[in-house]
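See below for target.txt, which holds compact mmCIF, C-alpha atoms.
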```txt
# COMPACT_ATOMS: atom_id res chain seq x y z
CA MET J 84 -24.97 18.24 22.41
CA GLY J 85 -23.15 15.09 21.30
CA ALA J 86 -23.88 15.87 17.65
CA LEU J 87 -22.39 19.34 18.11
CA VAL J 88 -19.21 17.90 19.63
CA VAL J 89 -18.81 15.31 16.87
CA GLY J 90 -19.63 17.83 14.15
CA GLY J 91 -17.29 20.41 15.62
CA THR J 92 -14.46 17.90 15.84
CA ALA J 93 -15.02 16.76 12.27
CA PHE J 94 -14.89 20.38 11.15
CA ARG J 95 -11.61 20.92 13.02
CA VAL J 96 -10.11 17.77 11.45
CA TRP J 97 -11.10 19.10 8.02
CA GLN J 98 -9.96 22.66 8.81
CA VAL J 99 -6.50 21.76 10.14
CA ALA J 100 -6.03 19.35 7.22
CA ARG J 101 -6.37 22.27 4.79
CA VAL J 102 -3.77 24.50 6.46
CA ASP J 103 -0.02 24.33 5.84
CA ASP J 104 1.14 25.96 9.05
CA ARG J 105 4.86 25.60 8.44
CA ARG J 106 7.12 28.02 10.27
CA PRO J 107 10.78 28.01 11.34
CA ALA J 108 11.27 25.24 13.88
CA ASP J 109 13.91 23.10 15.51
CA ALA J 110 12.81 19.98 13.64
CA VAL J 111 10.53 18.59 10.97
CA VAL J 112 8.96 15.47 12.49
CA VAL J 113 7.71 12.81 10.08
CA LEU J 114 5.22 10.37 11.54
CA GLY J 115 5.85 6.82 10.49
CA ALA J 116 3.62 4.56 8.43
CA ALA J 117 3.99 1.08 7.05
CA GLN J 118 7.36 -0.02 5.72
CA TYR J 119 8.31 -3.26 4.04
CA ASP J 120 11.79 -4.58 4.84
CA GLY J 121 13.16 -1.03 4.93
CA ASP J 122 11.16 0.32 1.99
CA PRO J 123 8.54 2.94 2.94
CA SER J 124 4.96 2.36 1.80
CA SER J 125 3.55 4.89 -0.67
CA ILE J 126 1.85 6.77 2.20
CA PHE J 127 5.10 6.94 4.18
CA ALA J 128 7.15 7.92 1.12
CA SER J 129 4.79 10.85 0.45
CA ARG J 130 5.33 12.07 4.00
CA LEU J 131 9.11 11.69 3.72
CA ARG J 132 9.31 13.61 0.42
CA HIS J 133 7.26 16.42 1.95
CA ALA J 134 9.59 16.55 4.95
CA GLU J 135 12.57 16.65 2.61
CA ALA J 136 11.06 19.64 0.78
CA LEU J 137 10.55 21.46 4.10
CA TYR J 138 14.16 20.75 5.10
CA GLU J 139 15.42 22.01 1.74
CA ALA J 140 13.31 25.16 2.18
CA GLY J 141 15.13 25.87 5.45
CA VAL J 142 12.15 25.27 7.74
CA ALA J 143 14.31 23.31 10.19
CA PRO J 144 17.92 22.11 10.50
CA ARG J 145 16.92 18.48 11.06
CA ILE J 146 14.32 15.89 10.11
CA VAL J 147 13.15 13.46 12.78
CA THR J 148 11.68 10.21 11.52
CA ALA J 149 9.38 8.58 14.06
CA GLY J 150 7.87 5.15 14.49
CA GLY J 151 8.65 1.73 15.90
CA GLY J 152 8.45 -1.68 14.31
CA GLN J 153 6.47 -4.88 14.46
CA PRO J 154 7.92 -8.08 15.96
CA GLY J 155 10.25 -9.65 13.42
CA ASP J 156 10.77 -6.46 11.39
CA ALA J 157 14.34 -5.83 10.27
CA TYR J 158 13.75 -2.05 10.43
CA THR J 159 11.65 0.31 12.47
CA GLU J 160 9.55 2.86 10.60
CA ALA J 161 11.99 5.51 11.81
CA GLU J 162 15.01 3.60 10.46
CA ALA J 163 13.32 2.97 7.11
CA GLY J 164 12.43 6.66 6.86
CA ARG J 165 15.94 7.80 7.74
CA ARG J 166 17.46 5.43 5.21
CA TYR J 167 15.07 6.64 2.49
CA LEU J 168 15.92 10.31 3.13
CA VAL J 169 19.68 9.73 3.24
CA GLU J 170 19.50 7.76 -0.03
CA ARG J 171 17.72 10.79 -1.55
CA GLY J 172 20.61 13.04 -0.56
CA VAL J 173 19.59 14.49 2.80
CA PRO J 174 22.78 14.68 4.92
CA ALA J 175 22.95 11.78 7.36
CA ASP J 176 23.71 14.08 10.28
CA ALA J 177 20.50 16.02 9.57
CA VAL J 178 18.20 12.98 9.96
CA VAL J 179 17.42 11.63 13.42
CA ALA J 180 15.56 8.31 13.75
CA VAL J 181 13.42 7.84 16.87
CA GLY J 182 12.35 4.23 16.56
CA GLU J 183 10.10 3.84 19.58
CA GLY J 184 6.33 3.74 19.71
CA SER J 185 3.73 1.46 18.19
CA ASP J 186 1.29 4.29 17.46
CA THR J 187 1.21 8.08 17.08
CA LEU J 188 1.03 8.75 20.81
CA GLY J 189 3.93 6.48 21.72
CA SER J 190 6.03 7.80 18.85
CA LEU J 191 5.42 11.43 19.77
CA GLN J 192 6.17 10.79 23.43
CA ALA J 193 9.49 9.24 22.38
CA VAL J 194 10.21 12.22 20.11
CA ALA J 195 9.49 14.59 23.01
CA VAL J 196 11.97 12.71 25.21
CA ARG J 197 14.62 12.99 22.48
CA ALA J 198 13.82 16.68 22.00
CA ALA J 199 14.28 17.38 25.71
CA ARG J 200 17.57 15.47 25.71
CA ASP J 201 18.92 17.29 22.65
CA GLY J 202 17.62 20.73 23.65
CA TRP J 203 15.12 21.49 20.92
CA HIS J 204 11.51 22.44 21.50
CA SER J 205 9.58 23.28 18.33
CA ALA J 206 8.48 21.01 15.50
CA VAL J 207 6.58 21.04 12.25
CA MET J 208 4.63 17.80 12.09
CA VAL J 209 4.35 16.00 8.75
CA SER J 210 1.59 13.46 8.26
CA ASP J 211 -1.50 12.99 6.14
CA PRO J 212 -3.91 15.93 6.18
CA TRP J 213 -6.63 14.17 8.18
CA HIS J 214 -4.16 13.03 10.83
CA SER J 215 -2.77 16.54 11.42
CA LEU J 216 -5.10 17.77 14.18
CA ARG J 217 -4.65 14.71 16.36
CA ALA J 218 -0.90 14.56 15.78
CA ARG J 219 -0.51 18.23 16.66
CA THR J 220 -2.66 17.84 19.77
CA MET J 221 -0.63 14.84 20.96
CA ALA J 222 2.68 16.58 20.23
CA ARG J 223 1.65 19.66 22.19
CA ASP J 224 0.45 17.50 25.08
CA ALA J 225 3.88 15.81 25.06
CA GLY J 226 5.54 19.21 25.49
CA LEU J 227 6.48 20.19 21.95
CA ASP J 228 5.65 23.55 20.39
CA ALA J 229 4.06 21.86 17.38
CA TRP J 230 2.61 23.00 14.06
CA THR J 231 1.51 21.07 10.99
CA SER J 232 2.45 20.83 7.33
CA PRO J 233 0.32 18.02 5.86
CA THR J 234 1.17 16.11 2.73
CA ARG J 235 -0.77 16.93 -0.41
CA SER J 236 0.02 13.78 -2.37
CA GLY J 237 -0.26 10.05 -1.92
CA PRO J 238 -3.10 7.54 -1.66
CA VAL J 239 -4.83 9.20 1.31
CA VAL J 240 -5.71 12.36 -0.61
CA GLN J 241 -6.58 10.96 -4.03
CA THR J 242 -10.36 10.52 -3.93
CA ARG J 243 -13.26 12.20 -2.13
CA GLU J 244 -14.39 8.80 -0.84
CA THR J 245 -10.99 8.15 0.73
CA GLN J 246 -10.89 11.63 2.22
CA ALA J 247 -14.36 11.22 3.75
CA ARG J 248 -13.44 7.85 5.23
CA TYR J 249 -10.31 9.27 6.87
CA ILE J 250 -12.15 12.32 8.21
CA VAL J 251 -14.66 10.01 9.91
CA ARG J 252 -11.87 7.83 11.33
CA GLU J 253 -9.86 10.79 12.57
CA THR J 254 -12.92 12.42 14.13
CA GLY J 255 -13.48 9.28 16.19
CA ALA J 256 -9.79 8.90 17.04
CA THR J 257 -9.47 12.56 18.08
CA LEU J 258 -12.55 12.38 20.31
CA PHE J 259 -11.25 9.16 21.87
CA TYR J 260 -7.88 10.79 22.59
CA ARG J 261 -9.46 13.92 24.07
CA LEU J 262 -11.62 11.81 26.38
CA THR J 263 -8.97 9.30 27.46
CA HIS J 264 -5.53 10.74 26.56
CA ALA J 265 -4.84 7.28 25.17
CA SER J 266 -4.40 6.08 21.63
CA VAL J 267 -7.08 4.18 19.77
CA ASP J 268 -6.87 0.42 19.32
CA PRO J 269 -3.73 -0.37 17.24
CA SER J 270 -5.96 -2.13 14.68
CA TYR J 271 -6.87 1.38 13.52
CA ALA J 272 -3.38 1.56 12.03
CA ASP J 273 -3.88 -1.35 9.64
CA GLU J 274 -4.04 0.70 6.42
CA THR J 275 -1.69 3.50 7.35
CA GLY J 276 0.70 1.84 9.75
CA GLY J 277 1.60 3.51 12.98
CA VAL J 278 -1.16 6.10 13.16
CA GLY J 279 -3.28 4.69 15.96
```

Go ahead and render the structure in this file as structure tokens.
Amino acid sequence: MGALVVGGTAFRVWQVARVDDRRPADAVVVLGAAQYDGDPSSIFASRLRHAEALYEAGVAPRIVTAGGGQPGDAYTEAEAGRRYLVERGVPADAVVAVGEGSDTLGSLQAVAVRAARDGWHSAVMVSDPWHSLRARTMARDAGLDAWTSPTRSGPVVQTRETQARYIVRETGATLFYRLTHASVDPSYADETGGVG
């Protein structure tokens, strides 16, 4: 039975990762990843460029950048993401930074609070493909009508070995969340930043 649950979850991680489920929404939500003194990591930059393309395609009238910071950081992930998008020409009033949360769950709960305050309800989630199922599940549990549009570029999708490693990690993280409704240990976020 346990093998069926694990195998089924791994299949769902893989399946949702392959689907670009974009649709008109109130916001495109970009999940944060590592940033270095305001400069997004390559993983984060891939997510931000994908969100920008969705915004330019008219999927949503705003982009929400999500993610907190580490002690001593000059910028949160959300602030670094907002700055990056504005520098690329996205109108400043179309980018909302929600800089709370040390992991995916905390960030999405903060986004849901902001959504309720501002009166929007639906979101297209942008993250790495393997992270999409868990992010969507957490967003829906937080009260958002959430769909996914995963990135198709960047370090996380370059090799089969990397893809397999992330599928295994996300399978474990998704099962942990479903059992506990808590995030995994923050050390899980070491390579990707903010995805625990």

Subject >> Residue among J:Val142, J:Val196, J:Val112, J:Ala218 lying closest to J:Arg165, counting all atoms listed in the file >> reply: J:Val112

Subject >> Selection near stretch 148-155 of chain J, 8 Å with all atoms listed in the file, sequence-local residues under 2 positions removed, as an MDAnalysis selection string >> reply: chainID J and resid 112:116 146 157:162 164:165 178:187 190:191 194 277

Original post:
Looking at only C-alpha atoms, which of J:Arg217, J:Arg243, J:Arg235, J:Arg130 is the one that sits closest to J:Phe259?
Top reply: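 When distances to J:Phe259 are compared using only C-alpha atoms, the smallest one comes from J:Arg217.
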
**OP:** Rank J:Thr245, J:Leu258, J:Ala134, J:Ser205 by their smallest atom-to-atom distance to J:Gly90, using all atoms listed in the file, and report the top residue only.
**Re:**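 The answer is J:Leu258, which sits nearest to J:Gly90.
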
Original post:
Expressed in Å to a single decimal, how great is the separation between atom CA of J:Ser129 and atom CA of J:Thr257?
Top reply: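 About the pair atom CA of J:Ser129 and atom CA of J:Thr257: they are 22.7 Å apart.
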